[in-house]
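Each remark here refers to the structure printed beneath this line.
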Amino acid sequence: MPKVPTKLVSWDDIVEWSRGLAKKIKESGYMPDVIVAIARGGFVPARLLCDFLDVENLLSIQSQHWTEAAKVADRAIIKFPYKVDLTGMKVLIVDDIVDTGESLILARDYIMKEWKPDEVRIAALQWISPVAKLRPDYYFIEVKEWIWFQYPWTRLEDTYQFIKRMLSEEGKYKKEWSYEELKTKFMEWYDIDVGDEYFRDAIEMLVEKGFLSRIDKDRFRVKG
Ligand code: ADE
């Protein structure tokens, strides 16, 4: 059993899910004038929905709750608050996933109060129904058991944070690791294969950040 339930999501999955999500929105008769992407996870789905729904107006706001892969911060914040006038307009807020739902609740309340659109609805590719405090108006997949989804736009970030977390534990007992040992242990912990290019980039990032030092091409030492 992996220590963190994780699933790889491909670019093809994202296009298929976004197309399916757009179909549901269309079938409901809701025609948004503006799409608002929640940064950063909502960027790609929002852009694809603009295409599938033929929407030209795309804004973004950064509402953050998850600071790093599978690690939630205490509370959500709007990172760069700003004002626009959306009176008379229908808004569709888009995010990749509704997990706790807190960053979306914050963004929705902020947009309604400060941007004053006529109507706001929420769409997400995935909705983790047992933990979410909000049910999006539109979702493509209902997730019934909590999983960390490894989206293609967080592959490197997630991989280096996952390795870091793994070594914070495993590195207590073993300081020196070969590349192959790291890969094997990563598979044990997370049961996903991100491919060698991402894995090597992630290790390089940990070397750059000073968490690992390089002994030679394929051997590393956990610092500290
Ligand atoms: N962001 C917040 N929750 C997430 C999850 N379960 N998987 C991927 N990204 C997320």
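By convention in this document, the chains of the structure tokens carry letters A, B, ... by their order, each chain's residues are numbered from 1, and ligands are numbered from 1 in the order they are shown.
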Hey, what's within 12 Å of A:Ile141 if we count only C-alpha atoms and toss same-chain stuff fewer than 2 positions away? As a PDB file with N, CA, C and O atoms, in the first residue's frame, please?
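File part-v4.pdb, as written:
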```pdb
ATOM      1  N   ASP A  13      -6.308  13.057 -20.270  1.00  0.00           N
ATOM      2  CA  ASP A  13      -7.414  13.029 -19.288  1.00  0.00           C
ATOM      3  C   ASP A  13      -7.995  14.428 -19.132  1.00  0.00           C
ATOM      4  O   ASP A  13      -9.210  14.617 -19.106  1.00  0.00           O
ATOM      5  N   ILE A  14      -7.103  15.420 -19.021  1.00  0.00           N
ATOM      6  CA  ILE A  14      -7.546  16.799 -18.768  1.00  0.00           C
ATOM      7  C   ILE A  14      -8.434  17.313 -19.909  1.00  0.00           C
ATOM      8  O   ILE A  14      -9.466  17.942 -19.663  1.00  0.00           O
ATOM      9  N   GLU A  16     -10.156  15.467 -22.013  1.00  0.00           N
ATOM     10  CA  GLU A  16     -11.409  14.693 -22.004  1.00  0.00           C
ATOM     11  C   GLU A  16     -12.346  15.191 -20.891  1.00  0.00           C
ATOM     12  O   GLU A  16     -13.545  15.399 -21.109  1.00  0.00           O
ATOM     13  N   TRP A  17     -11.788  15.411 -19.694  1.00  0.00           N
ATOM     14  CA  TRP A  17     -12.614  15.858 -18.566  1.00  0.00           C
ATOM     15  C   TRP A  17     -13.161  17.267 -18.812  1.00  0.00           C
ATOM     16  O   TRP A  17     -14.295  17.563 -18.473  1.00  0.00           O
ATOM     17  N   SER A  18     -12.331  18.135 -19.397  1.00  0.00           N
ATOM     18  CA  SER A  18     -12.776  19.511 -19.654  1.00  0.00           C
ATOM     19  C   SER A  18     -13.883  19.517 -20.711  1.00  0.00           C
ATOM     20  O   SER A  18     -14.845  20.285 -20.611  1.00  0.00           O
ATOM     21  N   GLY A  20     -15.979  17.086 -21.260  1.00  0.00           N
ATOM     22  CA  GLY A  20     -17.175  16.550 -20.584  1.00  0.00           C
ATOM     23  C   GLY A  20     -17.809  17.581 -19.666  1.00  0.00           C
ATOM     24  O   GLY A  20     -19.042  17.696 -19.595  1.00  0.00           O
ATOM     25  N   LEU A  21     -16.961  18.345 -18.979  1.00  0.00           N
ATOM     26  CA  LEU A  21     -17.462  19.391 -18.077  1.00  0.00           C
ATOM     27  C   LEU A  21     -18.189  20.470 -18.883  1.00  0.00           C
ATOM     28  O   LEU A  21     -19.283  20.917 -18.514  1.00  0.00           O
ATOM     29  N   LYS A  24     -21.669  19.442 -19.828  1.00  0.00           N
ATOM     30  CA  LYS A  24     -22.647  19.560 -18.737  1.00  0.00           C
ATOM     31  C   LYS A  24     -23.104  21.009 -18.564  1.00  0.00           C
ATOM     32  O   LYS A  24     -24.275  21.280 -18.313  1.00  0.00           O
ATOM     33  N   ASP A  96      -9.421  23.263 -10.726  1.00  0.00           N
ATOM     34  CA  ASP A  96      -9.184  21.871 -11.093  1.00  0.00           C
ATOM     35  C   ASP A  96      -9.974  20.919 -10.202  1.00  0.00           C
ATOM     36  O   ASP A  96     -10.623  20.008 -10.669  1.00  0.00           O
ATOM     37  N   ILE A  97      -9.912  21.180  -8.878  1.00  0.00           N
ATOM     38  CA  ILE A  97     -10.518  20.215  -7.950  1.00  0.00           C
ATOM     39  C   ILE A  97     -11.145  20.945  -6.759  1.00  0.00           C
ATOM     40  O   ILE A  97     -10.617  21.954  -6.302  1.00  0.00           O
ATOM     41  N   VAL A  98     -12.272  20.443  -6.309  1.00  0.00           N
ATOM     42  CA  VAL A  98     -12.829  20.920  -5.042  1.00  0.00           C
ATOM     43  C   VAL A  98     -12.449  19.875  -4.002  1.00  0.00           C
ATOM     44  O   VAL A  98     -12.977  18.766  -4.014  1.00  0.00           O
ATOM     45  N   ALA A 123     -17.440  25.662 -11.431  1.00  0.00           N
ATOM     46  CA  ALA A 123     -17.186  24.409 -12.150  1.00  0.00           C
ATOM     47  C   ALA A 123     -15.800  23.886 -11.784  1.00  0.00           C
ATOM     48  O   ALA A 123     -14.850  24.661 -11.655  1.00  0.00           O
ATOM     49  N   ALA A 124     -15.699  22.583 -11.607  1.00  0.00           N
ATOM     50  CA  ALA A 124     -14.395  21.952 -11.336  1.00  0.00           C
ATOM     51  C   ALA A 124     -14.356  20.606 -12.038  1.00  0.00           C
ATOM     52  O   ALA A 124     -15.396  19.964 -12.226  1.00  0.00           O
ATOM     53  N   LEU A 125     -13.157  20.205 -12.411  1.00  0.00           N
ATOM     54  CA  LEU A 125     -13.035  18.900 -13.059  1.00  0.00           C
ATOM     55  C   LEU A 125     -13.415  17.794 -12.088  1.00  0.00           C
ATOM     56  O   LEU A 125     -14.070  16.829 -12.450  1.00  0.00           O
ATOM     57  N   GLN A 126     -12.968  17.967 -10.818  1.00  0.00           N
ATOM     58  CA  GLN A 126     -13.184  16.908  -9.841  1.00  0.00           C
ATOM     59  C   GLN A 126     -13.721  17.477  -8.525  1.00  0.00           C
ATOM     60  O   GLN A 126     -13.396  18.607  -8.143  1.00  0.00           O
ATOM     61  N   TRP A 127     -14.508  16.681  -7.855  1.00  0.00           N
ATOM     62  CA  TRP A 127     -15.125  17.100  -6.587  1.00  0.00           C
ATOM     63  C   TRP A 127     -14.953  15.953  -5.592  1.00  0.00           C
ATOM     64  O   TRP A 127     -15.446  14.846  -5.831  1.00  0.00           O
ATOM     65  N   ILE A 128     -14.222  16.213  -4.500  1.00  0.00           N
ATOM     66  CA  ILE A 128     -14.031  15.153  -3.493  1.00  0.00           C
ATOM     67  C   ILE A 128     -15.183  15.264  -2.498  1.00  0.00           C
ATOM     68  O   ILE A 128     -15.108  15.954  -1.476  1.00  0.00           O
ATOM     69  N   SER A 129     -16.267  14.578  -2.815  1.00  0.00           N
ATOM     70  CA  SER A 129     -17.529  14.798  -2.103  1.00  0.00           C
ATOM     71  C   SER A 129     -17.483  14.552  -0.592  1.00  0.00           C
ATOM     72  O   SER A 129     -18.098  15.313   0.151  1.00  0.00           O
ATOM     73  N   ARG A 135     -20.346  22.067  -2.801  1.00  0.00           N
ATOM     74  CA  ARG A 135     -20.615  21.214  -3.974  1.00  0.00           C
ATOM     75  C   ARG A 135     -20.634  22.128  -5.186  1.00  0.00           C
ATOM     76  O   ARG A 135     -21.480  23.027  -5.270  1.00  0.00           O
ATOM     77  N   PRO A 136     -19.705  21.930  -6.132  1.00  0.00           N
ATOM     78  CA  PRO A 136     -19.701  22.826  -7.298  1.00  0.00           C
ATOM     79  C   PRO A 136     -20.975  22.645  -8.132  1.00  0.00           C
ATOM     80  O   PRO A 136     -21.555  21.560  -8.140  1.00  0.00           O
ATOM     81  N   TYR A 138     -21.094  22.529 -11.229  1.00  0.00           N
ATOM     82  CA  TYR A 138     -20.724  21.589 -12.297  1.00  0.00           C
ATOM     83  C   TYR A 138     -19.423  20.884 -11.921  1.00  0.00           C
ATOM     84  O   TYR A 138     -18.481  21.519 -11.467  1.00  0.00           O
ATOM     85  N   TYR A 139     -19.380  19.586 -12.117  1.00  0.00           N
ATOM     86  CA  TYR A 139     -18.137  18.823 -11.926  1.00  0.00           C
ATOM     87  C   TYR A 139     -18.186  17.674 -12.914  1.00  0.00           C
ATOM     88  O   TYR A 139     -19.272  17.255 -13.335  1.00  0.00           O
ATOM     89  N   VAL A 143     -15.221  12.243  -6.706  1.00  0.00           N
ATOM     90  CA  VAL A 143     -14.222  11.365  -6.094  1.00  0.00           C
ATOM     91  C   VAL A 143     -14.753  10.974  -4.722  1.00  0.00           C
ATOM     92  O   VAL A 143     -15.065  11.833  -3.902  1.00  0.00           O
ATOM     93  N   LYS A 144     -14.854   9.664  -4.476  1.00  0.00           N
ATOM     94  CA  LYS A 144     -15.514   9.239  -3.229  1.00  0.00           C
ATOM     95  C   LYS A 144     -14.534   8.936  -2.104  1.00  0.00           C
ATOM     96  O   LYS A 144     -14.920   8.834  -0.948  1.00  0.00           O
ATOM     97  N   GLU A 145     -13.241   8.782  -2.471  1.00  0.00           N
ATOM     98  CA  GLU A 145     -12.223   8.577  -1.444  1.00  0.00           C
ATOM     99  C   GLU A 145     -11.054   9.499  -1.721  1.00  0.00           C
ATOM    100  O   GLU A 145     -10.586   9.554  -2.863  1.00  0.00           O
TER     101      GLU A 145
END
```
Sorted per-residue table, chain A near ligand 1, closest atoms and distance, 12 Å, only C-alpha atoms and all ligand atoms, as a Markdown table:
```
| residue | atom | partner | partner_atom_place_in_ligand_line | distance |
| --- | --- | --- | --- | --- |
| A:Val4 | CA | ligand 1 | 6 (N) | 10.6 |
| A:Pro5 | CA | ligand 1 | 6 (N) | 9.4 |
| A:Thr6 | CA | ligand 1 | 7 (N) | 8.0 |
| A:Lys7 | CA | ligand 1 | 7 (N) | 8.5 |
| A:Leu8 | CA | ligand 1 | 8 (C) | 9.7 |
| A:Val9 | CA | ligand 1 | 8 (C) | 9.5 |
| A:Ile38 | CA | ligand 1 | 1 (N) | 11.4 |
| A:Ala39 | CA | ligand 1 | 1 (N) | 11.1 |
| A:Arg40 | CA | ligand 1 | 1 (N) | 9.8 |
| A:Gly41 | CA | ligand 1 | 1 (N) | 7.4 |
| A:Gly42 | CA | ligand 1 | 1 (N) | 10.1 |
| A:Ser63 | CA | ligand 1 | 2 (C) | 11.6 |
| A:Gln64 | CA | ligand 1 | 2 (C) | 9.5 |
| A:His65 | CA | ligand 1 | 2 (C) | 7.8 |
| A:Trp66 | CA | ligand 1 | 2 (C) | 5.8 |
| A:Thr67 | CA | ligand 1 | 1 (N) | 9.0 |
| A:Glu68 | CA | ligand 1 | 1 (N) | 8.6 |
| A:Ala69 | CA | ligand 1 | 9 (N) | 7.0 |
| A:Ala70 | CA | ligand 1 | 4 (C) | 6.5 |
| A:Lys71 | CA | ligand 1 | 2 (C) | 8.4 |
| A:Val72 | CA | ligand 1 | 2 (C) | 7.9 |
| A:Ala73 | CA | ligand 1 | 2 (C) | 10.6 |
| A:Ala76 | CA | ligand 1 | 2 (C) | 11.7 |
| A:Asp95 | CA | ligand 1 | 1 (N) | 9.3 |
| A:Asp96 | CA | ligand 1 | 9 (N) | 7.5 |
| A:Ile97 | CA | ligand 1 | 10 (C) | 6.1 |
| A:Val98 | CA | ligand 1 | 3 (N) | 6.8 |
| A:Asp99 | CA | ligand 1 | 3 (N) | 4.8 |
| A:Thr100 | CA | ligand 1 | 3 (N) | 7.3 |
| A:Gly101 | CA | ligand 1 | 2 (C) | 8.6 |
| A:Glu102 | CA | ligand 1 | 2 (C) | 10.0 |
| A:Ser103 | CA | ligand 1 | 2 (C) | 9.3 |
| A:Leu104 | CA | ligand 1 | 2 (C) | 10.7 |
| A:Ala124 | CA | ligand 1 | 1 (N) | 11.4 |
| A:Leu125 | CA | ligand 1 | 8 (C) | 10.9 |
| A:Gln126 | CA | ligand 1 | 5 (C) | 9.0 |
| A:Trp127 | CA | ligand 1 | 6 (N) | 9.1 |
| A:Ile128 | CA | ligand 1 | 6 (N) | 7.6 |
| A:Ser129 | CA | ligand 1 | 6 (N) | 11.2 |
| A:Pro130 | CA | ligand 1 | 6 (N) | 11.8 |
| A:Val131 | CA | ligand 1 | 6 (N) | 10.1 |
| A:Ala132 | CA | ligand 1 | 3 (N) | 10.0 |
| A:Glu142 | CA | ligand 1 | 6 (N) | 11.9 |
| A:Val143 | CA | ligand 1 | 6 (N) | 9.3 |
| A:Lys144 | CA | ligand 1 | 6 (N) | 11.3 |
| A:Glu145 | CA | ligand 1 | 6 (N) | 9.7 |
| A:Trp146 | CA | ligand 1 | 6 (N) | 6.4 |
| A:Ile147 | CA | ligand 1 | 6 (N) | 5.2 |
| A:Trp148 | CA | ligand 1 | 7 (N) | 3.7 |
| A:Phe149 | CA | ligand 1 | 7 (N) | 3.8 |
| A:Gln150 | CA | ligand 1 | 8 (C) | 5.8 |
| A:Tyr151 | CA | ligand 1 | 8 (C) | 6.6 |
| A:Pro152 | CA | ligand 1 | 8 (C) | 10.3 |
| A:Trp153 | CA | ligand 1 | 9 (N) | 10.1 |
| A:Thr154 | CA | ligand 1 | 9 (N) | 8.4 |
| A:Arg155 | CA | ligand 1 | 8 (C) | 10.5 |
| A:Glu157 | CA | ligand 1 | 9 (N) | 11.4 |
| A:Asp158 | CA | ligand 1 | 8 (C) | 9.2 |
```
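Here atom CA of A:Lys217 is placed at a distance of 11.3 Å from atom CA of A:Ile203.
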- Task: Can you list, as a PyMOL selection string, all residues belonging to stretch 34-165 of chain A that DSSP tags as helix (DSSP H, G or I)?
- Result: chain A and resi 43-53+102-114+152-165
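We find atom CA of A:Gln62 and atom CA of A:Lys133 to be spaced 19.1 Å apart.
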- Length of the atom CA of A:Ile78 to atom CA of A:Lys209 vector [Å]: 27.2 Å
- Extract, using only C-alpha atoms, all DNA, RNA and protein residues at most 10 Å from A:Tyr110, discarding same-chain residues fewer than 2 positions from it, and format them as a PyMOL selection string. chain A and resi 61+63+78+81-83+104-108+112-116
- Task: Identify, on the basis of only C-alpha atoms, every residue whose closest approach to stretch 188-198 of chain A does not exceed 6 Å; exclude the query and any residue fewer than 6 positions from it along the same chain; express the result as a VMD selection string.
- Result: chain A and resid 2 to 4 156
- Task: Rank nothing, just name the residue among A:Arg200, A:Lys183, A:Lys90, A:Lys175 nearest to A:Ser213, using only C-alpha atoms.
- Result: A:Lys175
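Comparing A:Tyr179, A:Phe199, A:Phe43, A:Phe186 by their smallest distance to A:Ile215, the closest is A:Tyr179 (using only C-alpha atoms).
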- Where does DSSP see strand (DSSP E or B) in stretch 150-182 of chain A, if you list the residues as a list in words? Gln150, Glu176, Trp177 and Ser178 of chain A
Take the residues from that selection and put them in a file with N, CA, C and O atoms, as a PDB file, in the first residue's frame.
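After the write, part_16.pdb holds the following:
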```
ATOM      1  N   GLN A 150      -2.175  13.863  -9.327  1.00  0.00           N
ATOM      2  CA  GLN A 150      -0.940  14.424  -9.834  1.00  0.00           C
ATOM      3  C   GLN A 150      -1.231  14.977 -11.224  1.00  0.00           C
ATOM      4  O   GLN A 150      -1.131  14.270 -12.226  1.00  0.00           O
ATOM      5  N   GLU A 176      22.747   8.043   2.460  1.00  0.00           N
ATOM      6  CA  GLU A 176      23.212   7.960   1.069  1.00  0.00           C
ATOM      7  C   GLU A 176      22.262   7.146   0.208  1.00  0.00           C
ATOM      8  O   GLU A 176      21.874   6.039   0.571  1.00  0.00           O
ATOM      9  N   TRP A 177      21.899   7.715  -0.935  1.00  0.00           N
ATOM     10  CA  TRP A 177      20.922   7.064  -1.816  1.00  0.00           C
ATOM     11  C   TRP A 177      21.427   7.085  -3.253  1.00  0.00           C
ATOM     12  O   TRP A 177      21.879   8.125  -3.729  1.00  0.00           O
ATOM     13  N   SER A 178      21.288   5.940  -3.926  1.00  0.00           N
ATOM     14  CA  SER A 178      21.540   5.953  -5.372  1.00  0.00           C
ATOM     15  C   SER A 178      20.249   6.390  -6.057  1.00  0.00           C
ATOM     16  O   SER A 178      19.161   6.346  -5.457  1.00  0.00           O
TER      17      SER A 178
END
```
- Query: Which residue, A:Arg221, A:Lys174, A:Arg75, A:Arg19, has the smallest gap to A:Ala46 when you use only C-alpha atoms?
  - Reply: A:Arg19
- Item | Which of A:Leu212, A:Val207, A:Leu92, A:Val222 sits closest to A:Lys172 [using only C-alpha atoms] | A:Val222
